[in-house]
Number of protein chains: 2
Amino acid sequence: MGRWEPNGRGRLAEAALKLYAEQGFERTTVTEIAEAAGLTERTFFRHFADKREVLFYGTEMALDMLTRTIAEAPASASPMDAVGAALESFGAFFQEDPERVRRRDAIVSASTELRERELVKLDAFASAMVGALRERGTPEPAASLAAEAGIAAFKVAYARWVAAEPGKTGRTDEQELPRLVRKTLTELQEILADRASV
Amino acid sequence: MGRWEPNGRGRLAEAALKLYAEQGFERTTVTEIAEAAGLTERTFFRHFADKREVLFYGTEMALDMLTRTIAEAPASASPMDAVGAALESFGAFFQEDPERVRRRDAIVSASTELRERELVKLDAFASAMVGALRERGTPEPAASLAAEAGIAAFKVAYARWVAAEPGKTGRTDEQELPRLVRKTLTELQEILADRASV
């Protein structure tokens with residue numbers, strides 16, 4: 001990042017989000033994004049590999065947060081506790097700017113290409129958590145199962161949270177994403193326990 | 001499918017699998033696949049949308065099998081029982097030709113593009129199961145959680161099964177995919193039950 005443009009990355013991301021929402025992701029060009037942000041195309045490509053990546057630029061930070069939270073969980077924490085703590089931190093991160101997350105989500109949901117990229121990122125989150133669990137000495141298949149189950153619950157919690165209308169009557173703290181993640185993990189636990197054919 | 005080429009689809013798939021294994025997925029062209037199968041490029045595109053789809057041509061049948069098994073599960077079956085039964089049938093389907101599945105898996109694992117397509121297909125399987133569960137009257141979030149947890153367990157079971165060396169000493173029936181799916185669901189249940197912070 002060049003010093004002469006203190007928040008180029010943020011400006012580009014904001015301009016892109018606005019254009020994607022207004023005219024659609026497919027129809028928006030990098031030239032237009034750069035122009036709207038008052039920057040050059042070259043600067044765009046210094047910050048983002050492509051037009052899709054603008055919508056996923058928190059990925060590195062998220063991966064770091066997930067693995068760090070798992071690494072720092074007390075030795076007594078079970079694999080699922082460590083994964084739960086990581087996903088609650090992740091939820092808190094989304095919670096910081098819910099309006100932005102909802103705007104971004106509407107754009108991603110409208111495009112097959114972007115939904116695919118989202119699946120790839122979620123898979124990368126699962127892999128990173130598997131790695132962090134193994135580092136703690138969690139054996140297989142427990143590490144993979146805890147990470148995959150965590151992502152499964154997170155997907156469901158996130159979808160519920162995004163769908164909840166902000167400011168709606170009856171909306172409570174319960175709908176805050178970190179709490180919703182924890183609640184959803186408990187629901188998942190109950191659903192799995194309800195098996196006749198074991 | 002034209003009547004004048006009784007198994008064009010199968011011949012194309014077999015030729016593609018062989019070429020992908022020998023020279024890599026990226027380097028193989030549709031022209032080469034068609035030639036190796038003794039068919040035309042036009043015939044290829046009548047059977048498959050693109051070069052990737054050859055590796056996923058069981059998808060429609062799989063979706064049908066998953067939704068049908070869930071629809072036909074007894075009314076007393078819990079959502080997780082219905083999903084478990086569906087994924088065991090799915091496993092049995094892979095089990096029919098393990099060598100072919102392993103060859104295919106080696107090709108998919110070696111390519112980012114193909115791994116991405118695989119994630120998209122798994123997501124489609126989850127969505128189909130959610131739909132089938134809702135048809136049975138399973139409410140949300142139970143439907144989504146059961147389907148996502150099922151896919152999470154299936155991914156892990158499948159990876160273990162693919163990694164198990166065929167014919168290896170000590171290899172038992174236990175490694176058959178349908179049983180492994182059931183066992184992995186039980187392990188997932190145990191891992192989720194092991195949470196301190198509920």
# chains A, B, ... in the order shown; residues from 1 in each chain; ligands from 1
call {"tool": "residues_around", "arguments": {"residues": "Ala75 (chain A)", "least_positions_apart": "2", "cutoff": "12 Å", "atoms": "only C-alpha atoms", "output": "ChimeraX atom specification"}}
result
/A:70-73,77-79,81-82,133,135-138
call {"tool": "closest_atom_pairs", "arguments": {"of": "chain B", "to": "chain A", "cutoff": "9 Å", "atoms": "only C-alpha atoms", "output": "Markdown table"}}
result
| residue | atom | partner | partner_atom | distance |
| --- | --- | --- | --- | --- |
| B:Ala77 | CA | A:Ala196 | CA | 7.3 |
| B:Ser78 | CA | A:Arg195 | CA | 6.4 |
| B:Pro79 | CA | A:Ile191 | CA | 7.5 |
| B:Met80 | CA | A:Arg195 | CA | 6.0 |
| B:Asp81 | CA | A:Arg195 | CA | 5.5 |
| B:Gly84 | CA | A:Arg195 | CA | 8.9 |
| B:Arg115 | CA | A:Val120 | CA | 8.8 |
| B:Glu116 | CA | A:Val120 | CA | 6.3 |
| B:Arg117 | CA | A:Glu116 | CA | 8.2 |
| B:Leu119 | CA | A:Leu119 | CA | 6.7 |
| B:Val120 | CA | A:Glu116 | CA | 6.3 |
| B:Asp123 | CA | A:Leu119 | CA | 8.1 |
| B:Pro141 | CA | A:Val156 | CA | 7.3 |
| B:Ala142 | CA | A:Ile191 | CA | 6.9 |
| B:Ser144 | CA | A:Val156 | CA | 6.8 |
| B:Leu145 | CA | A:Leu188 | CA | 6.0 |
| B:Ala146 | CA | A:Ile191 | CA | 6.7 |
| B:Ala147 | CA | A:Ala152 | CA | 9.0 |
| B:Glu148 | CA | A:Ala152 | CA | 5.3 |
| B:Ala149 | CA | A:Ala149 | CA | 5.9 |
| B:Ile151 | CA | A:Ala152 | CA | 8.6 |
| B:Ala152 | CA | A:Glu148 | CA | 5.3 |
| B:Ala153 | CA | A:Leu145 | CA | 6.6 |
| B:Lys155 | CA | A:Glu148 | CA | 8.6 |
| B:Val156 | CA | A:Ser144 | CA | 6.7 |
| B:Ala157 | CA | A:Pro141 | CA | 8.7 |
| B:Arg160 | CA | A:Pro141 | CA | 8.5 |
| B:Arg182 | CA | A:Val198 | CA | 7.8 |
| B:Lys183 | CA | A:Val198 | CA | 8.5 |
| B:Thr184 | CA | A:Pro141 | CA | 8.3 |
| B:Leu185 | CA | A:Leu192 | CA | 7.9 |
| B:Thr186 | CA | A:Val198 | CA | 7.1 |
| B:Glu187 | CA | A:Ala142 | CA | 7.7 |
| B:Leu188 | CA | A:Leu145 | CA | 6.0 |
| B:Gln189 | CA | A:Leu192 | CA | 5.4 |
| B:Glu190 | CA | A:Ala193 | CA | 8.5 |
| B:Ile191 | CA | A:Met80 | CA | 6.5 |
| B:Leu192 | CA | A:Gln189 | CA | 5.4 |
| B:Ala193 | CA | A:Gln189 | CA | 6.1 |
| B:Asp194 | CA | A:Ser78 | CA | 6.5 |
| B:Arg195 | CA | A:Asp81 | CA | 5.4 |
| B:Ala196 | CA | A:Asp81 | CA | 6.6 |
| B:Ser197 | CA | A:Asp81 | CA | 6.7 |
| B:Val198 | CA | A:Thr186 | CA | 7.2 |
call {"tool": "select_by_dssp", "arguments": {"residues": "region 14-154 of chain A", "states": "alpha helix (DSSP H)", "output": "PyMOL selection string"}}
result
chain A and resi 14-23+30-36+41-47+59-72+79-95+98-109+112-135+142-154
call {"tool": "closest_residue", "arguments": {"among": "A:Lys18, A:Arg42, A:Lys51, A:Arg9", "to": "Ala106 (chain A)", "atoms": "only C-alpha atoms"}}
result
A:Lys18
call {"tool": "residues_around", "arguments": {"residues": "Ala86 (chain A)", "least_positions_apart": "6", "cutoff": "8 Å", "atoms": "only C-alpha atoms", "output": "list in words"}}
result
Met65, Leu66, Thr67, Thr69 and Ile70 of chain A
